[in-house]
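A.B. asks: Sharing start.cif here; it has mmCIF, C-alpha atoms and all ligand atoms.
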```cif
data_work
loop_
_atom_site.label_atom_id
_atom_site.label_comp_id
_atom_site.auth_asym_id
_atom_site.auth_seq_id
_atom_site.Cartn_x
_atom_site.Cartn_y
_atom_site.Cartn_z
CA MET E 1 108.49 99.03 109.25
CA SER E 2 111.94 97.87 110.40
CA PRO E 3 114.89 99.93 109.13
CA ARG E 4 116.06 99.00 105.64
CA PRO E 5 119.55 97.39 105.54
CA LEU E 6 121.62 99.83 103.46
CA ILE E 7 125.16 100.07 102.09
CA ILE E 8 126.30 103.34 100.52
CA ASP E 9 129.13 103.25 97.96
CA CYS E 10 130.49 106.73 97.35
CA ASP E 11 133.29 109.09 96.33
CA PRO E 12 132.94 112.10 98.71
CA GLY E 13 132.76 114.63 97.14
CA VAL E 14 130.51 117.43 98.23
CA ASP E 15 127.17 116.01 97.11
CA ASP E 16 128.13 112.56 98.41
CA ALA E 17 128.70 114.23 101.80
CA ILE E 18 125.19 115.70 101.81
CA ALA E 19 123.79 112.31 100.81
CA LEU E 20 125.67 110.61 103.66
CA LEU E 21 124.34 113.19 106.14
CA LEU E 22 120.78 112.59 104.93
CA ALA E 23 121.18 108.84 105.40
CA LEU E 24 122.90 109.21 108.78
CA ALA E 25 120.04 111.47 109.90
CA SER E 26 117.48 108.75 109.10
CA PRO E 27 118.16 105.86 111.52
CA ASP E 28 114.46 104.95 111.68
CA GLU E 29 114.46 104.19 107.97
CA PHE E 30 118.02 102.93 107.41
CA ASP E 31 120.14 100.30 109.12
CA LEU E 32 123.36 101.65 107.59
CA LEU E 33 125.55 98.52 107.55
CA GLY E 34 128.57 100.34 106.20
CA ILE E 35 129.98 102.83 103.73
CA THR E 36 132.34 101.79 100.94
CA THR E 37 134.50 104.31 99.15
CA VAL E 38 135.88 104.41 95.64
CA ALA E 39 138.20 106.71 93.71
CA GLY E 40 136.21 109.27 91.76
CA ASN E 41 135.76 112.93 92.59
CA VAL E 42 139.11 112.77 94.36
CA PRO E 43 141.57 109.89 94.91
CA LEU E 44 140.64 107.00 97.21
CA ALA E 45 142.61 108.12 100.26
CA LEU E 46 140.61 111.37 100.26
CA THR E 47 137.20 109.86 99.52
CA THR E 48 137.77 107.45 102.41
CA ALA E 49 138.97 110.12 104.84
CA ASN E 50 136.07 112.36 103.77
CA ALA E 51 133.46 109.66 104.37
CA ARG E 52 134.89 109.21 107.87
CA ARG E 53 134.89 112.98 108.44
CA ILE E 54 131.17 113.12 107.58
CA CYS E 55 130.36 110.21 109.94
CA HIS E 56 132.31 112.02 112.66
CA LEU E 57 130.42 115.27 111.98
CA ALA E 58 127.11 113.38 112.27
CA GLN E 59 128.34 111.74 115.50
CA ARG E 60 128.00 108.37 113.75
CA SER E 61 131.55 107.11 113.86
CA ASP E 62 129.92 103.74 114.62
CA VAL E 63 129.31 103.34 110.89
CA PRO E 64 132.30 101.51 109.36
CA VAL E 65 133.96 102.95 106.27
CA TYR E 66 135.76 100.49 103.96
CA ALA E 67 138.17 101.73 101.31
CA GLY E 68 137.64 100.12 97.91
CA CYS E 69 139.16 100.38 94.45
CA PRO E 70 141.73 103.11 93.80
CA ARG E 71 141.08 103.22 90.02
CA PRO E 72 138.59 102.11 87.36
CA LEU E 73 138.58 98.60 85.87
CA LEU E 74 140.38 99.55 82.64
CA ARG E 75 140.59 103.33 82.25
CA SER E 76 142.98 105.54 84.19
CA LEU E 77 141.34 107.57 86.94
CA THR E 78 139.56 110.83 86.09
CA THR E 79 138.94 113.06 89.10
CA ALA E 80 136.91 116.27 89.62
CA GLU E 81 138.83 118.55 91.95
CA GLU E 82 137.61 121.50 89.88
CA ILE E 83 134.12 120.75 91.21
CA HIS E 84 134.79 119.46 94.73
CA GLY E 85 138.09 121.17 95.61
CA ALA E 86 141.46 119.54 96.18
CA SER E 87 140.24 118.05 99.48
CA GLY E 88 136.99 116.81 97.96
CA LEU E 89 135.00 118.73 100.59
CA GLN E 90 135.58 122.32 99.51
CA GLY E 91 133.79 124.75 101.80
CA ALA E 92 133.98 122.71 105.00
CA ASN E 93 136.90 122.19 107.37
CA LEU E 94 136.12 118.87 109.06
CA PRO E 95 138.42 116.99 111.43
CA GLU E 96 139.44 113.44 110.51
CA PRO E 97 138.52 110.84 113.18
CA SER E 98 141.44 109.68 115.27
CA LEU E 99 140.79 105.95 114.90
CA PRO E 100 142.09 104.31 111.68
CA PRO E 101 139.56 102.86 109.19
CA PRO E 102 138.94 99.07 109.07
CA ALA E 103 141.80 97.29 107.31
CA GLN E 104 139.45 95.12 105.23
CA HIS E 105 139.07 96.14 101.58
CA ALA E 106 135.56 97.20 100.55
CA VAL E 107 135.16 94.47 97.92
CA PRO E 108 135.67 91.42 100.19
CA TRP E 109 133.56 93.16 102.81
CA LEU E 110 130.75 93.69 100.29
CA ILE E 111 130.97 90.01 99.27
CA GLU E 112 130.97 88.84 102.89
CA ARG E 113 128.07 91.11 103.88
CA LEU E 114 125.92 90.34 100.84
CA THR E 115 126.43 86.57 100.92
CA THR E 116 125.61 86.33 104.63
CA ALA E 117 122.84 88.93 104.77
CA SER E 118 119.88 87.85 106.94
CA ALA E 119 117.69 90.22 104.89
CA PRO E 120 118.25 91.59 101.36
CA VAL E 121 120.41 94.74 101.34
CA THR E 122 119.77 97.95 99.42
CA LEU E 123 122.83 99.40 97.68
CA ALA E 124 123.01 103.14 97.07
CA THR E 125 125.84 103.97 94.68
CA LEU E 126 126.97 107.57 94.45
CA GLY E 127 130.22 107.25 92.51
CA PRO E 128 131.90 105.18 89.82
CA LEU E 129 130.69 101.56 90.02
CA THR E 130 134.10 99.92 90.27
CA ASN E 131 133.62 98.34 93.73
CA LEU E 132 130.26 96.76 92.91
CA ALA E 133 131.49 95.55 89.52
CA VAL E 134 134.56 93.85 91.02
CA ALA E 135 132.39 92.24 93.72
CA LEU E 136 129.97 90.95 91.07
CA ILE E 137 132.80 89.56 88.93
CA GLN E 138 134.47 87.91 91.90
CA CYS E 139 131.24 86.56 93.45
CA PRO E 140 128.08 86.71 91.29
CA ALA E 141 126.20 85.10 94.20
CA ILE E 142 126.09 88.48 95.96
CA ALA E 143 123.06 89.18 93.76
CA GLN E 144 120.97 86.97 96.07
CA GLY E 145 121.72 89.32 98.95
CA ILE E 146 120.75 92.50 97.10
CA ASP E 147 117.24 93.93 97.40
CA GLN E 148 117.84 96.74 94.92
CA VAL E 149 120.55 99.03 93.60
CA VAL E 150 119.84 102.74 93.26
CA ILE E 151 122.48 104.47 91.17
CA MET E 152 123.25 108.14 90.84
CA GLY E 153 124.66 108.17 87.35
CA GLY E 154 124.02 108.46 83.67
CA ALA E 155 122.03 110.88 81.56
CA LEU E 156 119.50 110.53 78.77
CA GLY E 157 120.14 114.17 77.89
CA PRO E 158 123.51 115.94 77.84
CA GLY E 159 126.36 114.63 79.98
CA ASN E 160 128.44 116.68 82.41
CA VAL E 161 131.93 115.41 81.59
CA THR E 162 131.48 115.04 77.84
CA PRO E 163 128.39 115.96 75.84
CA ALA E 164 127.48 112.26 76.02
CA ALA E 165 128.52 111.06 79.46
CA GLU E 166 127.83 111.74 83.12
CA PHE E 167 130.85 111.63 85.48
CA ASN E 168 130.18 108.41 87.48
CA ILE E 169 129.59 106.38 84.33
CA TYR E 170 132.34 108.12 82.34
CA VAL E 171 135.01 107.41 84.97
CA ASP E 172 134.34 103.67 84.80
CA PRO E 173 132.02 102.75 81.90
CA HIS E 174 133.16 99.12 81.98
CA ALA E 175 132.15 98.77 85.62
CA ALA E 176 128.82 100.42 84.86
CA LYS E 177 128.19 97.89 82.09
CA VAL E 178 129.00 94.98 84.43
CA VAL E 179 126.45 96.31 86.93
CA VAL E 180 123.75 97.16 84.38
CA ASP E 181 124.12 93.72 82.71
CA ALA E 182 124.04 91.81 86.03
CA GLY E 183 120.25 91.55 86.12
CA LEU E 184 119.95 93.32 89.47
CA PRO E 185 116.81 95.31 90.45
CA LEU E 186 118.20 98.66 89.31
CA THR E 187 117.02 102.25 89.53
CA MET E 188 118.99 104.94 87.69
CA ILE E 189 118.83 108.54 88.86
CA GLY E 190 120.56 110.50 86.12
CA LEU E 191 121.26 114.13 85.37
CA ASP E 192 117.82 114.45 83.77
CA VAL E 193 116.43 114.19 87.31
CA THR E 194 119.18 115.76 89.41
CA HIS E 195 119.18 118.90 87.26
CA GLN E 196 115.62 119.47 88.52
CA VAL E 197 116.99 119.57 92.07
CA VAL E 198 118.89 122.84 92.41
CA THR E 199 120.12 124.62 95.53
CA THR E 200 118.64 128.10 95.27
CA PRO E 201 119.80 130.84 97.68
CA ALA E 202 116.58 130.38 99.69
CA ARG E 203 117.18 126.65 100.05
CA LEU E 204 120.81 127.27 101.03
CA ALA E 205 119.62 129.78 103.64
CA ASP E 206 117.23 127.19 105.10
CA LEU E 207 120.20 124.90 105.74
CA GLU E 208 122.32 127.73 107.12
CA ASN E 209 119.48 128.82 109.40
CA LEU E 210 119.47 125.43 111.09
CA GLY E 211 122.18 127.04 113.20
CA THR E 212 123.86 123.70 113.92
CA PRO E 213 127.35 122.42 113.09
CA VAL E 214 125.79 120.10 110.49
CA GLY E 215 123.70 122.91 109.00
CA GLN E 216 126.74 125.18 108.84
CA ALA E 217 128.87 122.46 107.26
CA ALA E 218 126.19 121.60 104.70
CA ALA E 219 125.70 125.26 103.79
CA GLY E 220 129.46 125.75 103.56
CA LEU E 221 129.81 122.75 101.26
CA LEU E 222 126.93 123.83 99.01
CA ARG E 223 127.75 127.53 98.88
CA HIS E 224 130.42 127.05 96.20
CA TYR E 225 129.45 123.64 94.83
CA GLY E 226 128.27 123.12 91.29
CA GLN E 227 128.54 126.69 90.06
CA ILE E 228 130.11 125.35 86.86
CA ASP E 229 126.91 123.45 86.11
CA ILE E 230 124.82 126.62 86.09
CA ASP E 231 126.50 127.94 82.95
CA ARG E 232 127.24 124.52 81.42
CA HIS E 233 123.58 123.41 81.59
CA GLY E 234 121.73 126.73 81.79
CA LEU E 235 120.43 126.04 85.30
CA VAL E 236 119.17 128.71 87.72
CA ALA E 237 121.19 127.24 90.60
CA PRO E 238 123.65 124.38 91.24
CA PRO E 239 122.19 120.85 90.93
CA LEU E 240 122.40 118.41 93.84
CA HIS E 241 122.98 114.89 92.56
CA ASP E 242 123.78 112.20 95.14
CA PRO E 243 121.25 113.06 97.88
CA CYS E 244 118.50 112.29 95.33
CA VAL E 245 119.38 108.59 95.78
CA ILE E 246 118.81 108.72 99.54
CA ALA E 247 115.71 110.91 99.18
CA TYR E 248 114.28 108.39 96.69
CA LEU E 249 114.73 105.60 99.22
CA LEU E 250 113.11 107.73 101.93
CA ARG E 251 110.31 109.25 99.84
CA PRO E 252 109.87 107.53 96.46
CA ASP E 253 106.69 109.60 96.05
CA LEU E 254 108.91 112.62 95.37
CA PHE E 255 110.03 111.03 92.10
CA THR E 256 108.55 109.42 89.01
CA GLY E 257 110.08 107.03 86.52
CA ARG E 258 109.43 104.07 84.26
CA PRO E 259 110.90 100.69 83.39
CA MET E 260 113.24 100.86 80.40
CA GLN E 261 115.97 98.89 78.70
CA LEU E 262 119.27 100.42 79.76
CA THR E 263 122.73 99.92 78.37
CA VAL E 264 126.12 101.62 78.61
CA GLU E 265 128.49 102.55 75.78
CA THR E 266 132.00 101.25 76.52
CA GLU E 267 133.58 101.85 73.10
CA GLY E 268 134.79 104.88 71.19
CA SER E 269 135.66 108.30 72.49
CA ILE E 270 132.79 110.62 71.62
CA CYS E 271 130.07 108.51 73.26
CA LEU E 272 132.16 106.57 75.79
CA GLY E 273 130.14 106.29 79.03
CA ARG E 274 126.80 107.20 77.39
CA THR E 275 123.75 105.61 79.03
CA VAL E 276 121.16 104.63 76.46
CA ALA E 277 117.59 103.84 77.57
CA SER E 278 114.81 102.64 75.31
CA ALA E 279 111.25 101.44 75.71
CA PRO E 280 111.30 97.77 76.70
CA SER E 281 110.41 95.14 74.14
CA GLN E 282 110.24 91.37 73.98
CA ALA E 283 113.68 91.36 72.39
CA ALA E 284 115.09 93.86 74.90
CA PRO E 285 113.08 93.68 78.15
CA ALA E 286 113.27 96.31 80.87
CA ASN E 287 116.34 95.96 83.09
CA ALA E 288 116.10 99.23 85.03
CA THR E 289 113.73 101.87 86.34
CA ILE E 290 114.82 105.20 84.92
CA LEU E 291 113.66 108.13 87.02
CA GLU E 292 112.35 111.14 85.11
CA THR E 293 111.01 113.78 87.52
CA ALA E 294 111.74 115.06 91.02
CA ASP E 295 109.72 117.24 93.40
CA ALA E 296 112.53 119.64 94.26
CA ALA E 297 110.57 121.56 96.91
CA GLY E 298 109.67 118.32 98.63
CA PHE E 299 113.29 117.15 98.38
CA TYR E 300 114.73 120.23 100.09
CA ALA E 301 112.03 120.21 102.76
CA LEU E 302 113.02 116.60 103.54
CA LEU E 303 116.75 117.38 103.45
CA THR E 304 116.45 120.39 105.75
CA GLU E 305 114.12 118.61 108.17
CA ARG E 306 116.44 115.60 108.44
CA LEU E 307 119.71 117.51 108.70
CA GLY E 308 118.07 119.52 111.44
CA LYS E 309 117.92 116.30 113.49
CA LEU E 310 121.71 115.81 113.54
O1 LIG P 1 127.77 113.56 87.86
C1 LIG P 1 127.56 113.75 89.24
C2 LIG P 1 128.14 112.62 90.02
O2 LIG P 1 129.55 112.55 89.82
C3 LIG P 1 127.97 112.79 91.54
O3 LIG P 1 127.93 111.54 92.13
C4 LIG P 1 129.22 113.51 91.94
O4 LIG P 1 129.56 113.30 93.31
C5 LIG P 1 130.22 112.84 91.05
O5 LIG P 1 130.61 111.63 91.68
CA CA P 2 129.47 111.06 93.95
#
```
Please lay out the structure from this file as structure tokens.
Ligand code: RIB
Ligand code: CA
C.D. replies:
Amino acid sequence: MSPRPLIIDCDPGVDDAIALLLALASPDEFDLLGITTVAGNVPLALTTANARRICHLAQRSDVPVYAGCPRPLLRSLTTAEEIHGASGLQGANLPEPSLPPPAQHAVPWLIERLTTASAPVTLATLGPLTNLAVALIQCPAIAQGIDQVVIMGGALGPGNVTPAAEFNIYVDPHAAKVVVDAGLPLTMIGLDVTHQVVTTPARLADLENLGTPVGQAAAGLLRHYGQIDIDRHGLVAPPLHDPCVIAYLLRPDLFTGRPMQLTVETEGSICLGRTVASAPSQAAPANATILETADAAGFYALLTERLGKL
């Protein structure tokens, strides 16, 4: 099969960084057209610099990184330095590439790329959905250039920012609603799935034992990441969220899910950013595939094997 055209929208962020490395290590499966960055875990200037640092680490500075929206559609920005560190890549000390990023904003680039695509493009979104929402509002015709959208976000169980909401959706619930309501082929990978994918000491050691700069960087990033989630959610080890999106695109057999009717709460305070999924009906047909299970052992075997190629 020819490589799948792919755009990754992200807010690096430690787990975004691991997801980018997994995608960059899979050139046979992905034609990575570009990376777009959004404000989320840390402000936009840092998410953009961090995405470029990861491309440089993977010796893939050929992949363009386009800076997108510096804040959500309506809400003020909520960041997560307590999880990812002030730099956004706590645990790794990566040089920033010398060349400046492209001047073009991510949103017009997304519109240009998706309206002129020779083959439908897969979108992997790993952060708040502001960029994609603005592109859809400005140019709904981009939908014709999209094969599918795989979103890391949401939760049918407890959230991780509030009891109701997961971070990516909570930061920009209005953008999430624009995307969910756009009628795109959508797959949601929420906390219900990513909390099954935890970085145990043995799995961390496998990455460290790669003995490569990428293996060392990945182990350094993951060594301190997500500790807060262990206590907050009663997990045995820190969950790894964003790389599940890339792993799903590489090996969908590692996951299971079902079509459901998905919507996003954009009102109130207690449930703001809640993703609500129900069994589809004639009145409310399925608009998303909601993933439910992950084969964690298979995921980490894939991750370690691929990062070992960089
Ligand atoms: O809730 C986890 C998600 O929020 C991940 O994408 C993480 O990087 C943060 O963006
Ligand atoms: Ca992210």
A.B. asks: Have a look at E:Thr194, E:Gln148, E:Thr130, E:Ser278 and name the one nearest to ligand LIG 1 (chain P); count all atoms listed in the file.
C.D. replies: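 Closest to ligand LIG 1 (chain P), using all atoms listed in the file: E:Thr194.
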A.B. asks: Work out how far apart atom CA of Arg60 of chain E and atom CA of Trp109 of chain E are and give it in Å to one decimal.
C.D. replies: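 The value is 19.5 Å.
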A.B. asks: Between E:Arg251, E:Arg274, E:His241, E:Arg113, which one has atoms that come closest to Ala19 of chain E, using all atoms listed in the file?
C.D. replies: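 The answer is E:His241, which sits nearest to Ala19 of chain E.
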A.B. asks: Report, in Å with one decimal, the straight-line distance from atom CA of Asn168 of chain E to atom CA of Val245 of chain E.
C.D. replies: 13.6 Å
A.B. asks: I'd like a table as JSON lines: residues in chain E with an atom no more than 8 Å from ligand LIG 1 (chain P), each row giving the shortest atom pair and its distance in Å to one decimal, all atoms listed in the file counted, sorted by chain and rising residue number.
C.D. replies:
```
{"residue": "E:Cys10", "atom": "CA", "partner": "P:LIG1", "partner_atom": "O5", "distance": 7.5}
{"residue": "E:Asp11", "atom": "CA", "partner": "P:LIG1", "partner_atom": "O5", "distance": 5.9}
{"residue": "E:Pro12", "atom": "CA", "partner": "P:LIG1", "partner_atom": "O4", "distance": 6.5}
{"residue": "E:Gly13", "atom": "CA", "partner": "P:LIG1", "partner_atom": "O4", "distance": 5.2}
{"residue": "E:Val14", "atom": "CA", "partner": "P:LIG1", "partner_atom": "O4", "distance": 6.5}
{"residue": "E:Asp15", "atom": "CA", "partner": "P:LIG1", "partner_atom": "O4", "distance": 5.2}
{"residue": "E:Asp16", "atom": "CA", "partner": "P:LIG1", "partner_atom": "O4", "distance": 5.3}
{"residue": "E:Gly40", "atom": "CA", "partner": "P:LIG1", "partner_atom": "O5", "distance": 6.1}
{"residue": "E:Asn41", "atom": "CA", "partner": "P:LIG1", "partner_atom": "O5", "distance": 5.4}
{"residue": "E:Ala80", "atom": "CA", "partner": "P:LIG1", "partner_atom": "C5", "distance": 7.7}
{"residue": "E:Leu126", "atom": "CA", "partner": "P:LIG1", "partner_atom": "O3", "distance": 4.7}
{"residue": "E:Gly127", "atom": "CA", "partner": "P:LIG1", "partner_atom": "O5", "distance": 4.5}
{"residue": "E:Pro128", "atom": "CA", "partner": "P:LIG1", "partner_atom": "O5", "distance": 6.8}
{"residue": "E:Met152", "atom": "CA", "partner": "P:LIG1", "partner_atom": "O3", "distance": 5.9}
{"residue": "E:Gly153", "atom": "CA", "partner": "P:LIG1", "partner_atom": "O1", "distance": 6.2}
{"residue": "E:Gly154", "atom": "CA", "partner": "P:LIG1", "partner_atom": "O1", "distance": 7.6}
{"residue": "E:Asn160", "atom": "CA", "partner": "P:LIG1", "partner_atom": "O1", "distance": 6.3}
{"residue": "E:Val161", "atom": "CA", "partner": "P:LIG1", "partner_atom": "O1", "distance": 7.7}
{"residue": "E:Glu166", "atom": "CA", "partner": "P:LIG1", "partner_atom": "O1", "distance": 5.1}
{"residue": "E:Phe167", "atom": "CA", "partner": "P:LIG1", "partner_atom": "O1", "distance": 4.3}
{"residue": "E:Asn168", "atom": "CA", "partner": "P:LIG1", "partner_atom": "O2", "distance": 4.8}
{"residue": "E:Leu191", "atom": "CA", "partner": "P:LIG1", "partner_atom": "O1", "distance": 7.0}
{"residue": "E:His241", "atom": "CA", "partner": "P:LIG1", "partner_atom": "C3", "distance": 5.5}
{"residue": "E:Asp242", "atom": "CA", "partner": "P:LIG1", "partner_atom": "O3", "distance": 5.2}
```
A.B. asks: I'd like to know which of E:Thr125, E:Asn50, E:Thr199, E:Asn93 is closest to ligand CA 2 (chain P), using only C-alpha atoms and all ligand atoms.
C.D. replies: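 Comparing E:Thr125, E:Asn50, E:Thr199, E:Asn93 against ligand CA 2 (chain P), the winner is E:Thr125.
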A.B. asks: One decimal, Å: what's the distance from atom CA of His56 of chain E over to atom CA of Ala17 of chain E, could you say?
C.D. replies: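 Separation between atom CA of His56 of chain E and atom CA of Ala17 of chain E: 11.7 Å.
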A.B. asks: Out of E:Ala51, E:Leu184, E:Ala217, E:Ala288, which residue has the shortest atom-to-atom distance to ligand CA 2 (chain P) when counting all atoms listed in the file?
C.D. replies: E:Ala51
A.B. asks: Within 9 Å of Asp181 of chain E, counting only C-alpha atoms, which residues qualify if same-chain residues fewer than 4 places away don't, as a ChimeraX atom specification?
C.D. replies: /E:176-177,262-263,287
A.B. asks: Counting only C-alpha atoms, figure out which residue out of E:Val38, E:Val65, E:Val197, E:Val107 gets nearest to Cys139 of chain E.
C.D. replies: E:Val107
A.B. asks: Could you give me, as number ranges by chain, the residues within 10 Å of Val264 of chain E, counting all atoms listed in the file and dropping anything in the same chain fewer than 5 positions from it?
C.D. replies: E: 154, 165, 169-170, 173-181, 271-277
A.B. asks: Here is a test: counting only C-alpha atoms and all ligand atoms, which residue of E:Leu132, E:Leu22, E:Ile7, E:Ile151 is nearest to ligand CA 2 (chain P)?
C.D. replies: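 Counting only C-alpha atoms and all ligand atoms, the residue closest to ligand CA 2 (chain P) is E:Ile151.
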